[in-house]
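Content type TSV, C-alpha atoms and all ligand atoms, from the file run-v6.tsv:
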chain	number	residue	atom	x	y	z
A	23	MET	CA	59.63	115.88	35.77
A	24	THR	CA	62.21	116.18	32.99
A	25	ALA	CA	65.80	115.79	34.17
A	26	ALA	CA	68.11	118.74	33.60
A	27	THR	CA	69.90	118.87	30.25
A	28	ALA	CA	73.21	116.99	30.25
A	29	PHE	CA	76.52	118.82	30.47
A	30	GLN	CA	79.02	118.58	27.62
A	31	THR	CA	82.58	119.83	27.91
A	32	ILE	CA	83.32	123.52	27.36
A	33	GLY	CA	86.11	122.35	25.01
A	34	PRO	CA	89.26	124.18	23.94
A	35	TYR	CA	87.61	126.99	21.96
A	36	TRP	CA	85.43	128.64	24.63
A	37	HIS	CA	87.54	131.81	24.29
A	38	LEU	CA	85.18	132.86	21.49
A	39	LEU	CA	82.93	134.14	24.27
A	40	GLU	CA	85.74	135.49	26.43
A	41	HIS	CA	85.79	139.18	27.27
A	42	SER	CA	88.86	139.81	29.37
A	43	GLU	CA	87.21	142.65	31.29
A	44	GLN	CA	84.92	140.06	32.86
A	45	ALA	CA	87.82	139.06	35.11
A	46	ASP	CA	87.52	142.48	36.78
A	47	LEU	CA	84.39	142.50	38.95
A	48	THR	CA	85.09	146.09	40.00
A	49	ARG	CA	84.74	147.48	36.46
A	50	PHE	CA	81.26	148.90	37.07
A	51	GLY	CA	82.47	151.00	40.00
A	52	ALA	CA	81.97	148.65	42.93
A	53	VAL	CA	82.73	150.01	46.39
A	54	GLY	CA	84.65	147.99	48.95
A	55	GLU	CA	88.13	146.61	49.51
A	56	ARG	CA	89.63	145.66	46.15
A	57	ILE	CA	91.61	142.46	46.07
A	58	VAL	CA	93.26	140.24	43.49
A	59	LEU	CA	92.69	136.48	43.48
A	60	THR	CA	95.16	134.58	41.32
A	61	GLY	CA	96.55	131.09	41.00
A	62	SER	CA	97.62	128.27	38.75
A	63	VAL	CA	95.67	125.23	37.58
A	64	ARG	CA	97.44	121.86	37.21
A	65	ASP	CA	96.33	118.44	36.03
A	66	GLY	CA	97.13	114.99	37.39
A	67	ASN	CA	100.47	114.91	35.57
A	68	GLY	CA	101.55	118.12	37.25
A	69	ASP	CA	101.17	119.99	33.97
A	70	LEU	CA	99.81	123.52	33.91
A	71	ILE	CA	96.45	123.85	32.17
A	72	ALA	CA	96.47	126.73	29.70
A	73	ASP	CA	92.97	126.39	28.25
A	74	ALA	CA	90.67	126.50	31.29
A	75	ALA	CA	87.81	128.87	32.01
A	76	ILE	CA	87.66	129.83	35.68
A	77	GLU	CA	84.51	131.38	37.04
A	78	LEU	CA	84.13	133.19	40.33
A	79	TRP	CA	80.85	133.80	42.15
A	80	GLN	CA	80.39	135.52	45.48
A	81	ALA	CA	77.13	136.06	47.36
A	82	SER	CA	78.76	138.90	49.32
A	83	PRO	CA	78.66	141.82	48.78
A	84	VAL	CA	75.21	141.39	47.27
A	85	ALA	CA	75.33	141.94	43.51
A	86	ASP	CA	73.84	145.14	42.12
A	87	ASP	CA	74.31	147.47	39.15
A	88	SER	CA	77.82	148.37	40.28
A	89	PHE	CA	78.92	144.84	41.21
A	90	PRO	CA	78.09	141.71	39.16
A	91	GLY	CA	79.25	139.21	41.80
A	92	TRP	CA	80.46	137.00	38.95
A	93	GLY	CA	83.56	136.92	36.80
A	94	ARG	CA	85.24	134.70	34.24
A	95	ALA	CA	88.96	134.45	33.52
A	96	ARG	CA	91.11	132.29	31.29
A	97	THR	CA	94.16	130.47	32.45
A	98	ASP	CA	97.01	131.95	30.41
A	99	ALA	CA	99.97	130.23	28.72
A	100	ASN	CA	101.46	129.71	32.21
A	101	GLY	CA	98.26	128.12	33.53
A	102	VAL	CA	97.48	131.18	35.68
A	103	TYR	CA	94.14	132.94	36.15
A	104	ARG	CA	93.62	136.34	37.78
A	105	PHE	CA	90.55	138.15	39.10
A	106	THR	CA	90.14	141.62	40.56
A	107	THR	CA	87.16	141.86	42.87
A	108	VAL	CA	85.82	143.16	46.17
A	109	LYS	CA	86.62	141.22	49.32
A	110	PRO	CA	83.53	139.29	50.45
A	111	GLY	CA	82.12	139.35	53.95
A	112	PRO	CA	80.54	136.42	55.80
A	113	VAL	CA	77.19	135.02	54.66
A	114	PRO	CA	74.59	132.92	56.50
A	115	GLY	CA	74.96	129.14	56.51
A	116	ARG	CA	72.17	126.65	57.09
A	117	GLY	CA	70.44	126.76	60.46
A	118	ASN	CA	72.06	129.26	62.78
A	119	THR	CA	75.52	128.94	61.30
A	120	GLN	CA	77.64	131.61	59.67
A	121	GLN	CA	79.94	130.96	56.70
A	122	ALA	CA	83.38	132.56	56.66
A	123	PRO	CA	84.12	134.88	53.70
A	124	HIS	CA	84.70	132.82	50.55
A	125	PHE	CA	84.48	132.66	46.79
A	126	ALA	CA	82.72	129.90	44.86
A	127	ILE	CA	85.17	128.83	42.14
A	128	THR	CA	84.26	126.79	39.05
A	129	ILE	CA	86.70	125.18	36.63
A	130	PHE	CA	85.64	124.38	33.07
A	131	ALA	CA	88.06	122.96	30.50
A	132	ARG	CA	88.61	120.53	27.70
A	133	GLY	CA	88.71	117.13	29.40
A	134	ILE	CA	86.21	118.20	32.05
A	135	LEU	CA	82.79	117.02	30.95
A	136	THR	CA	80.74	118.90	33.55
A	137	ARG	CA	82.41	121.37	35.87
A	138	LEU	CA	84.55	121.24	38.98
A	139	CYS	CA	83.42	123.36	41.92
A	140	THR	CA	85.46	124.42	44.92
A	141	ARG	CA	85.72	127.34	47.33
A	142	ALA	CA	88.49	129.78	48.14
A	143	TYR	CA	88.56	130.97	51.75
A	144	PHE	CA	91.03	133.47	53.22
A	145	ALA	CA	93.88	131.89	55.20
A	146	GLY	CA	94.17	133.36	58.67
A	147	ASP	CA	90.58	134.60	58.93
A	148	PRO	CA	89.45	133.65	62.45
A	149	ARG	CA	85.93	133.00	61.13
A	150	ASN	CA	87.26	129.96	59.24
A	151	ASP	CA	87.31	127.97	62.50
A	152	ALA	CA	83.49	127.99	62.66
A	153	ASP	CA	82.85	127.55	58.94
A	154	PRO	CA	80.55	124.53	58.39
A	155	LEU	CA	82.12	123.53	55.08
A	156	LEU	CA	85.74	123.81	56.19
A	157	ASN	CA	84.83	121.78	59.26
A	158	LEU	CA	83.72	118.88	57.05
A	159	VAL	CA	87.35	118.44	55.95
A	160	ASP	CA	89.31	116.82	58.76
A	161	ASP	CA	92.65	116.29	57.03
A	162	PRO	CA	94.64	119.53	57.47
A	163	ALA	CA	96.38	119.09	54.10
A	164	ARG	CA	93.06	118.67	52.31
A	165	ARG	CA	91.55	121.59	54.20
A	166	ALA	CA	94.49	123.76	53.18
A	167	THR	CA	93.54	123.32	49.52
A	168	LEU	CA	90.49	125.51	50.24
A	169	LEU	CA	92.54	128.42	51.62
A	170	ALA	CA	93.86	131.30	49.53
A	171	GLN	CA	97.19	132.55	50.86
A	172	PRO	CA	98.27	136.19	51.03
A	173	LYS	CA	101.12	136.81	48.62
A	174	GLY	CA	102.29	140.35	48.04
A	175	ASP	CA	99.30	142.43	47.02
A	176	ALA	CA	97.27	139.40	45.98
A	177	TRP	CA	95.61	136.30	47.34
A	178	ARG	CA	97.03	133.12	45.82
A	179	PHE	CA	94.74	130.15	45.22
A	180	ASP	CA	96.32	127.29	43.27
A	181	ILE	CA	94.12	124.49	41.97
A	182	VAL	CA	95.14	120.87	41.39
A	183	LEU	CA	92.61	118.77	39.48
A	184	GLN	CA	94.02	115.37	40.36
A	185	GLY	CA	96.64	113.51	42.39
A	186	ALA	CA	99.12	114.88	44.93
A	187	GLY	CA	97.69	118.00	46.51
A	188	GLU	CA	94.36	117.50	44.78
A	189	THR	CA	91.97	120.34	45.56
A	190	VAL	CA	88.81	119.50	47.50
A	191	PHE	CA	85.95	119.63	45.01
A	192	LEU	CA	82.32	119.91	46.00
A	193	ASP	CA	79.28	117.91	44.98
A	194	ILE	CA	77.10	120.84	44.01
B	14	MET	CA	65.72	133.06	58.86
B	15	ASN	CA	64.51	130.19	56.65
B	16	ASP	CA	67.13	128.06	54.97
B	17	PRO	CA	67.32	128.42	51.18
B	18	ILE	CA	65.65	125.60	49.21
B	19	PRO	CA	68.39	123.45	47.61
B	20	PHE	CA	68.51	122.50	43.96
B	21	ARG	CA	67.67	118.89	43.12
B	22	PRO	CA	70.51	116.36	42.70
B	23	ALA	CA	71.12	115.07	39.17
B	24	ALA	CA	68.79	112.29	38.02
B	25	PRO	CA	70.68	108.96	37.72
B	26	GLY	CA	72.28	108.52	34.28
B	27	SER	CA	71.42	112.01	33.12
B	28	GLN	CA	74.91	113.53	33.44
B	29	PRO	CA	78.37	112.48	32.21
B	30	ASP	CA	81.00	111.13	34.57
B	31	ASN	CA	84.09	113.34	34.57
B	32	ASN	CA	86.09	110.11	34.54
B	33	SER	CA	85.15	108.92	31.04
B	34	PRO	CA	88.18	107.14	29.49
B	35	GLN	CA	86.66	107.06	26.00
B	36	TYR	CA	87.22	110.84	26.01
B	37	ARG	CA	90.96	110.71	26.51
B	38	SER	CA	91.53	114.23	27.85
B	39	THR	CA	89.53	113.37	30.97
B	40	GLY	CA	92.39	111.08	32.10
B	41	ALA	CA	94.44	113.65	34.03
B	42	ARG	CA	91.64	116.17	34.51
B	43	HIS	CA	89.14	114.38	36.76
B	44	PRO	CA	89.44	114.39	40.56
B	45	LYS	CA	90.23	111.02	42.13
B	46	GLN	CA	89.13	111.99	45.63
B	47	PRO	CA	85.39	111.76	46.30
B	48	LEU	CA	83.50	115.03	45.91
B	49	LEU	CA	82.55	116.67	49.19
B	50	GLY	CA	78.78	116.51	49.69
B	51	TRP	CA	77.34	119.81	50.75
B	52	ALA	CA	73.79	121.03	51.51
B	53	HIS	CA	73.21	124.16	49.45
B	54	THR	CA	73.51	127.54	51.11
B	55	VAL	CA	72.97	131.04	49.78
B	56	THR	CA	76.29	130.63	47.90
B	57	GLU	CA	74.77	127.85	45.78
B	58	THR	CA	71.10	128.90	45.63
B	59	THR	CA	71.76	132.45	44.43
B	60	GLY	CA	73.72	133.36	41.35
B	61	PRO	CA	74.63	136.12	38.94
B	62	GLN	CA	71.88	138.02	37.16
B	63	PHE	CA	72.93	139.44	33.81
B	64	SER	CA	71.36	142.50	32.28
B	65	PRO	CA	71.33	143.21	28.54
B	66	SER	CA	72.75	146.67	29.31
B	67	HIS	CA	75.96	145.19	30.70
B	68	PHE	CA	75.92	142.14	28.41
B	69	PRO	CA	74.57	143.33	25.04
B	70	PRO	CA	72.79	140.66	23.00
B	71	ILE	CA	74.34	139.27	19.79
B	72	GLN	CA	71.29	137.71	18.13
B	73	ASP	CA	72.58	137.31	14.58
B	74	LEU	CA	75.91	135.53	14.14
B	75	SER	CA	75.35	135.03	10.43
B	76	ALA	CA	75.63	138.48	8.87
B	77	GLY	CA	77.89	138.33	5.82
B	78	SER	CA	79.02	134.79	6.61
B	79	MET	CA	79.31	131.89	4.21
B	80	GLY	CA	77.24	128.81	4.91
B	81	GLU	CA	73.70	127.63	5.48
B	82	ARG	CA	71.79	130.23	7.51
B	83	ILE	CA	69.64	128.71	10.27
B	84	ILE	CA	67.28	129.92	12.98
B	85	VAL	CA	67.58	128.28	16.40
B	86	ARG	CA	64.67	128.70	18.77
B	87	GLY	CA	63.76	127.01	22.02
B	88	ARG	CA	62.52	127.32	25.54
B	89	VAL	CA	64.43	127.32	28.82
B	90	THR	CA	62.55	125.69	31.68
B	91	ASP	CA	63.44	124.09	34.99
B	92	GLU	CA	62.91	120.40	35.80
B	93	ASP	CA	59.34	121.14	36.88
B	94	GLY	CA	58.50	122.70	33.52
B	95	ARG	CA	58.49	126.26	34.78
B	96	ALA	CA	59.85	128.91	32.43
B	97	VAL	CA	63.26	130.37	33.25
B	98	PRO	CA	62.70	133.99	32.17
B	99	ASN	CA	65.23	136.70	31.29
B	100	THR	CA	68.19	134.36	31.61
B	101	MET	CA	71.40	134.83	29.60
B	102	ILE	CA	72.34	132.20	27.02
B	103	GLU	CA	75.82	132.29	25.48
B	104	VAL	CA	76.57	130.27	22.35
B	105	TRP	CA	79.74	129.70	20.35
B	106	GLN	CA	80.59	127.53	17.36
B	107	ALA	CA	82.80	126.67	14.40
B	108	ASN	CA	82.11	128.24	11.00
B	109	ALA	CA	80.43	126.43	8.12
B	110	ALA	CA	83.74	124.82	7.17
B	111	GLY	CA	84.30	123.37	10.64
B	112	ARG	CA	86.92	125.92	11.74
B	113	TYR	CA	86.82	128.01	14.91
B	114	ASN	CA	87.92	131.63	14.79
B	115	HIS	CA	90.47	130.72	17.46
B	116	PRO	CA	94.28	130.67	17.40
B	117	GLY	CA	94.28	127.15	18.85
B	118	ASP	CA	92.30	125.68	15.96
B	119	THR	CA	94.73	124.42	13.32
B	120	HIS	CA	92.23	122.43	11.25
B	121	ASP	CA	93.01	122.87	7.53
B	122	ALA	CA	89.68	124.51	6.65
B	123	PRO	CA	89.08	128.13	5.63
B	124	LEU	CA	88.41	130.89	8.13
B	125	ASP	CA	85.53	133.26	7.37
B	126	ALA	CA	86.50	136.84	8.18
B	127	ASN	CA	82.84	137.72	8.75
B	128	PHE	CA	82.14	134.91	11.17
B	129	LYS	CA	83.29	135.33	14.75
B	130	GLY	CA	81.13	132.54	16.17
B	131	GLU	CA	79.92	134.18	19.37
B	132	GLY	CA	76.27	134.77	20.29
B	133	ARG	CA	74.44	135.99	23.37
B	134	VAL	CA	70.69	136.10	23.85
B	135	PHE	CA	68.23	136.38	26.74
B	136	SER	CA	65.13	134.27	27.27
B	137	ASP	CA	61.85	136.22	27.30
B	138	ALA	CA	59.26	136.29	30.08
B	139	ASN	CA	58.09	132.78	29.08
B	140	GLY	CA	61.56	131.29	28.69
B	141	TRP	CA	61.75	131.47	24.89
B	142	TYR	CA	64.99	132.40	23.11
B	143	GLN	CA	66.03	132.66	19.46
B	144	TYR	CA	69.10	133.49	17.41
B	145	VAL	CA	70.24	133.29	13.80
B	146	THR	CA	73.49	131.70	12.76
B	147	ILE	CA	75.00	129.44	10.11
B	148	LYS	CA	75.13	125.67	10.45
B	149	PRO	CA	78.53	124.75	11.89
B	150	GLY	CA	80.69	122.22	10.05
B	151	ALA	CA	82.08	118.99	11.46
B	152	TYR	CA	85.77	119.01	12.42
B	153	PRO	CA	88.47	116.44	13.20
B	154	TRP	CA	90.04	116.07	16.65
B	155	GLY	CA	92.80	114.01	18.13
B	156	ASN	CA	90.92	111.70	20.48
B	157	HIS	CA	91.44	108.58	18.35
B	158	ALA	CA	92.18	107.66	14.73
B	159	ASN	CA	89.91	109.47	12.26
B	160	ALA	CA	87.89	111.12	15.03
B	161	TRP	CA	85.39	113.81	13.97
B	162	ARG	CA	83.09	115.91	16.15
B	163	PRO	CA	79.48	115.99	14.98
B	164	ASN	CA	78.08	119.40	14.02
B	165	HIS	CA	77.39	121.25	17.26
B	166	ILE	CA	76.81	124.61	18.88
B	167	HIS	CA	78.21	125.17	22.37
B	168	TYR	CA	75.82	126.55	25.01
B	169	SER	CA	76.33	128.30	28.35
B	170	LEU	CA	73.43	129.07	30.71
B	171	PHE	CA	73.32	130.43	34.24
B	172	GLY	CA	69.72	130.02	35.40
B	173	ALA	CA	68.43	131.08	38.78
B	174	GLY	CA	71.36	130.06	40.98
B	175	PHE	CA	75.01	129.00	41.03
B	176	ALA	CA	73.93	125.34	41.26
B	177	ALA	CA	71.88	125.64	38.05
B	178	ARG	CA	74.87	126.55	35.86
B	179	LEU	CA	75.02	124.53	32.61
B	180	ILE	CA	77.58	124.16	29.83
B	181	THR	CA	76.46	121.89	27.02
B	182	GLN	CA	76.39	121.33	23.26
B	183	MET	CA	73.45	121.29	20.84
B	184	TYR	CA	73.64	118.70	18.06
B	185	PHE	CA	71.75	118.31	14.77
B	186	PRO	CA	69.25	115.60	13.83
B	187	GLY	CA	70.36	112.79	11.53
B	188	ASP	CA	74.09	113.41	11.99
B	189	PRO	CA	75.91	110.11	11.31
B	190	LEU	CA	78.79	111.23	13.54
B	191	LEU	CA	76.62	111.19	16.67
B	192	ALA	CA	76.79	107.39	16.86
B	193	LEU	CA	80.59	107.61	16.87
B	194	ASP	CA	81.17	110.59	19.18
B	195	PRO	CA	82.71	109.73	22.56
B	196	ILE	CA	81.74	113.09	24.10
B	197	PHE	CA	78.05	112.68	23.19
B	198	HIS	CA	78.14	109.13	24.54
B	199	THR	CA	79.52	110.13	27.93
B	200	VAL	CA	75.87	110.79	28.81
B	201	PRO	CA	74.70	107.34	29.98
B	202	ASP	CA	70.94	107.73	29.51
B	203	ALA	CA	69.71	107.48	25.89
B	204	ASP	CA	66.81	109.86	26.49
B	205	ALA	CA	69.16	112.42	28.04
B	206	ARG	CA	71.42	112.11	24.97
B	207	ASP	CA	68.47	112.49	22.63
B	208	ARG	CA	67.55	115.76	24.30
B	209	LEU	CA	70.95	117.18	23.25
B	210	VAL	CA	69.87	116.80	19.62
B	211	SER	CA	67.86	119.69	18.16
B	212	LYS	CA	64.78	118.98	16.04
B	213	PHE	CA	64.12	120.35	12.58
B	214	ASP	CA	61.00	122.54	12.89
B	215	LEU	CA	59.00	123.79	9.91
B	216	ASP	CA	57.19	126.32	12.12
B	217	ILE	CA	60.51	127.96	12.99
B	218	THR	CA	61.66	127.76	9.37
B	219	ARG	CA	61.19	131.12	7.62
B	220	PRO	CA	60.01	130.83	3.99
B	221	ASP	CA	62.61	131.75	1.36
B	222	TRP	CA	65.15	132.55	4.10
B	223	ALA	CA	66.36	129.89	6.58
B	224	LEU	CA	65.66	126.46	8.11
B	225	GLY	CA	64.59	126.40	11.74
B	226	TYR	CA	65.74	124.13	14.56
B	227	ARG	CA	64.16	123.71	17.98
B	228	PHE	CA	66.38	123.23	21.03
B	229	ASP	CA	64.89	123.29	24.52
B	230	VAL	CA	67.06	123.46	27.61
B	231	VAL	CA	66.13	122.20	31.07
B	232	LEU	CA	67.93	123.64	34.08
B	233	ARG	CA	67.97	122.10	37.55
B	234	GLY	CA	64.83	122.62	39.61
B	235	ARG	CA	64.54	122.99	43.35
B	236	LEU	CA	63.60	120.35	45.88
B	237	ALA	CA	59.97	120.77	46.88
B	238	THR	CA	60.68	120.95	50.59
B	239	PRO	CA	63.68	122.37	52.40
B	240	MET	CA	66.25	119.76	53.29
B	241	GLU	CA	67.17	119.44	56.96
B	242	GLY	CA	70.46	120.90	57.88
A	301	FE	FE	83.29	122.42	19.56
Would you kindly transcribe this structure into structure tokens?
Amino acid sequence: MTAATAFQTIGPYWHLLEHSEQADLTRFGAVGERIVLTGSVRDGNGDLIADAAIELWQASPVADDSFPGWGRARTDANGVYRFTTVKPGPVPGRGNTQQAPHFAITIFARGILTRLCTRAYFAGDPRNDADPLLNLVDDPARRATLLAQPKGDAWRFDIVLQGAGETVFLDI
Amino acid sequence: MNDPIPFRPAAPGSQPDNNSPQYRSTGARHPKQPLLGWAHTVTETTGPQFSPSHFPPIQDLSAGSMGERIIVRGRVTDEDGRAVPNTMIEVWQANAAGRYNHPGDTHDAPLDANFKGEGRVFSDANGWYQYVTIKPGAYPWGNHANAWRPNHIHYSLFGAGFAARLITQMYFPGDPLLALDPIFHTVPDADARDRLVSKFDLDITRPDWALGYRFDVVLRGRLATPMEG
């Protein structure tokens, strides 16, 4: 067995491969409830991060020609990313469990050597109570970092890389 | 329904620690809380599939550009040596003078109007990929006094599932800056570092046209047997 190739940081110049339309997962004509997921990204000093690449992946609805299931967005000068996508439904968990609707979120940036992975669930969804991942996080304040909050027409999901209010990151 | 087969955890020493003080920018950008362990579900074992119709290939970055034209060829496999076919590979890089076509790059080196620095190719049925570009220049950065990045090409691969995602950098053989580069040295294992360095390859080299470099990429494989719940 040969171990997987090592990660190296995405660095500050990854925008050379950015195509802003990739932040809109509905651009190929996806059907379903359109939603916006947006939020800020902060570092351990409380500073907004303006050079991150945020990726979104959702296993629901199942990707096809009209829906890629994946998107990439920059954080802008205000440290804010924004996706337009289709609201996911629940997906199976391990065993006989069911996972509440969620997005898999990845943060790449200068100063991050590999990647940081988290999930955004929908605050107020009754299915969250039985979600196996959310139920691994006992501390209500920590658990809350995994919940997107409704705000106007959008869902707001702020990310903190380090320190007070640090987002729960997953060992994927 | 059977549980999905998880991807294998990283081999010890094969991956950088996000808390790597020698690379200063990691200081405020690494989590201090422990990562939450999680047995892979369909969210992690499936992932995006990219089609060349929606993501058109850019196989020649070099057209009209100044610099030393090179061919880069390699194979994408998983940890068990199986080909990863039809997978998208994104690359990006500085121009021959060591300058990125990016508003954030203020290095005092010339831009090349013909060189954007973005490539996108797909592996074939046996995992092989190839593109043509120019050899990127070294460039200074602010990590420490007189810090220079070795020549490198950035890589992005997706593989067969969300857990197999990889962002890395390909280096060049014989580069004296490799011994001094804190980012390269965040990978603890010497063999894992060595595999980030491409190899000059006379078989890839095209006579009277361009030198060839070989760079293979290994993506995470799956555990042989399903993990219990
Ligand atoms: Fe770079």
Using all atoms listed in the file, pick whichever of A:Gln184, A:Ser88, A:Asn157, A:Gln120 has the shortest atom-to-atom distance to chain B.
A:Gln184
From the options B:His157, B:Pro69, B:Gly87, B:Ala107, which residue's atoms come nearest to chain A, counting all atoms listed in the file?
B:Ala107
Do you have, as CSV, the list of residues of chain A lying at most 6 Å from chain B, each with its nearest atom pair and that distance in Å to one decimal, counting all atoms listed in the file and ordered by chain then number?
residue,atom,partner,partner_atom,distance
A:Met23,CA,B:Asp93,CA,5.4
A:Thr24,CA,B:Glu92,CA,5.1
A:Ala25,CA,B:Glu92,CA,5.7
A:Ala26,CA,B:Val231,CA,4.7
A:Thr27,CA,B:Val231,CA,5.1
A:Ala28,CA,B:Gln28,CA,5.0
A:Phe29,CA,B:Thr181,CA,4.6
A:Gln30,CA,B:Thr181,CA,4.2
A:Leu38,CA,B:Glu131,CA,5.8
A:Leu39,CA,B:Glu131,CA,5.8
A:Asp65,CA,B:Arg42,CA,5.4
A:Gly66,CA,B:Ala41,CA,4.5
A:Ala81,CA,B:Thr56,CA,5.5
A:Trp92,CA,B:Pro61,CA,5.9
A:Gly115,CA,B:Thr54,CA,5.8
A:Arg116,CA,B:Asp16,CA,5.6
A:Gly133,CA,B:Thr39,CA,4.2
A:Ile134,CA,B:Asn31,CA,5.9
A:Leu135,CA,B:Asn31,CA,5.3
A:Leu183,CA,B:Pro44,CA,5.5
A:Gln184,CA,B:Pro44,CA,4.7
A:Phe191,CA,B:Leu48,CA,5.3
A:Leu192,CA,B:Leu49,CA,4.6
A:Asp193,CA,B:Gly50,CA,4.9
Go ahead and write the selection's residues with C-alpha atoms as an mmCIF file, in the frame of the given file.
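File written: again.cif
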data_model
loop_
_atom_site.group_PDB
_atom_site.id
_atom_site.type_symbol
_atom_site.label_atom_id
_atom_site.label_comp_id
_atom_site.auth_asym_id
_atom_site.auth_seq_id
_atom_site.Cartn_x
_atom_site.Cartn_y
_atom_site.Cartn_z
ATOM 1 C CA MET A 23 59.630 115.880 35.770
ATOM 2 C CA THR A 24 62.210 116.180 32.990
ATOM 3 C CA ALA A 25 65.800 115.790 34.170
ATOM 4 C CA ALA A 26 68.110 118.740 33.600
ATOM 5 C CA THR A 27 69.900 118.870 30.250
ATOM 6 C CA ALA A 28 73.210 116.990 30.250
ATOM 7 C CA PHE A 29 76.520 118.820 30.470
ATOM 8 C CA GLN A 30 79.020 118.580 27.620
ATOM 9 C CA LEU A 38 85.180 132.860 21.490
ATOM 10 C CA LEU A 39 82.930 134.140 24.270
ATOM 11 C CA ASP A 65 96.330 118.440 36.030
ATOM 12 C CA GLY A 66 97.130 114.990 37.390
ATOM 13 C CA ALA A 81 77.130 136.060 47.360
ATOM 14 C CA TRP A 92 80.460 137.000 38.950
ATOM 15 C CA GLY A 115 74.960 129.140 56.510
ATOM 16 C CA ARG A 116 72.170 126.650 57.090
ATOM 17 C CA GLY A 133 88.710 117.130 29.400
ATOM 18 C CA ILE A 134 86.210 118.200 32.050
ATOM 19 C CA LEU A 135 82.790 117.020 30.950
ATOM 20 C CA LEU A 183 92.610 118.770 39.480
ATOM 21 C CA GLN A 184 94.020 115.370 40.360
ATOM 22 C CA PHE A 191 85.950 119.630 45.010
ATOM 23 C CA LEU A 192 82.320 119.910 46.000
ATOM 24 C CA ASP A 193 79.280 117.910 44.980
#
For region 146-154 of chain A, please output as a PyMOL selection string all residues within 10 Å (counting only C-alpha atoms; exclusion window: fewer than 3 positions along the same chain).
(chain A and resi 112+115-116+119-124+143+157-159+169-172) or (chain B and resi 51)
Those same residues, written as a JSON list (two decimals), keeping the file's coordinate frame with C-alpha atoms?
[["chain", "number", "residue", "atom", "x", "y", "z"],
["A", 112, "PRO", "CA", 80.54, 136.42, 55.80],
["A", 115, "GLY", "CA", 74.96, 129.14, 56.51],
["A", 116, "ARG", "CA", 72.17, 126.65, 57.09],
["A", 119, "THR", "CA", 75.52, 128.94, 61.30],
["A", 120, "GLN", "CA", 77.64, 131.61, 59.67],
["A", 121, "GLN", "CA", 79.94, 130.96, 56.70],
["A", 122, "ALA", "CA", 83.38, 132.56, 56.66],
["A", 123, "PRO", "CA", 84.12, 134.88, 53.70],
["A", 124, "HIS", "CA", 84.70, 132.82, 50.55],
["A", 143, "TYR", "CA", 88.56, 130.97, 51.75],
["A", 157, "ASN", "CA", 84.83, 121.78, 59.26],
["A", 158, "LEU", "CA", 83.72, 118.88, 57.05],
["A", 159, "VAL", "CA", 87.35, 118.44, 55.95],
["A", 169, "LEU", "CA", 92.54, 128.42, 51.62],
["A", 170, "ALA", "CA", 93.86, 131.30, 49.53],
["A", 171, "GLN", "CA", 97.19, 132.55, 50.86],
["A", 172, "PRO", "CA", 98.27, 136.19, 51.03],
["B", 51, "TRP", "CA", 77.34, 119.81, 50.75]]
Each residue of chain A with at least one atom at most 9 Å from ligand FE 301 (chain A) should appear once, together with its nearest atom pair and the corresponding distance in Å (one decimal); atoms considered: all atoms listed in the file; ordering: chain, then increasing residue number; output as CSV.
residue,atom,partner,partner_atom,distance
A:Thr31,CA,A:FE301,FE,8.8
A:Ile32,CA,A:FE301,FE,7.9
A:Gly33,CA,A:FE301,FE,6.1
A:Pro34,CA,A:FE301,FE,7.6
A:Tyr35,CA,A:FE301,FE,6.7
A:Trp36,CA,A:FE301,FE,8.3
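Of the listed residues B:Val145, B:Leu124, B:Leu74, B:Leu170, the one whose atoms come nearest to Val97 (chain B) is B:Leu170, with distances taken using all atoms listed in the file.
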With a distance cut-off of 9 Å and all atoms listed in the file, select the neighbouring residues of region 49-60 of chain A, excluding the residue or stretch itself and same-chain residues fewer than 6 positions from it, and output the selection as a PyMOL selection string.
chain A and resi 43+83+86-90+102-110+170+175-180
Which is closest to Gly101 (chain A) among A:His41, A:Lys173, A:Arg164, A:Arg64, if we use all atoms listed in the file?
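Nearest to Gly101 (chain A): A:Arg64.
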Give me, please, the distance in Å between CA of Ile129 (chain A) and CA of Ile71 (chain A), quoted to one decimal.
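Between these atoms lies a distance of 10.8 Å.
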Best match for closeness to Asp73 (chain B) among B:Leu191, B:Ala237, B:Val134, B:Ala96, counting only C-alpha atoms
B:Val134
To one decimal place in Å, what is the distance between CA of Thr167 (chain A) and CA of Gln35 (chain B)?
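Going from CA of Thr167 (chain A) over to CA of Gln35 (chain B) covers 29.4 Å.
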B:Thr218, B:Thr146, B:Gly187, B:Arg235 ranked by distance to Gly77 (chain B), top pick (using only C-alpha atoms)
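With only C-alpha atoms as the atom set, the closest residue is B:Thr146.
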How many Å separate CA of Trp154 (chain B) from CA of Asp188 (chain B)?
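Value for the CA of Trp154 (chain B)-CA of Asp188 (chain B) distance: 16.8 Å.
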Could you tell me, as a ChimeraX atom specification, which residues have any atom at most 8 Å from (95.3, 125.2, 28.6), counting only C-alpha atoms?
/A:34,70-74,97-99,101,131
I'd like the contact shell of Leu193 (chain B) - 9 Å cut-off, only C-alpha atoms, skipping same-chain residues fewer than 6 positions apart - returned as a PyMOL selection string.
chain B and resi 160-163
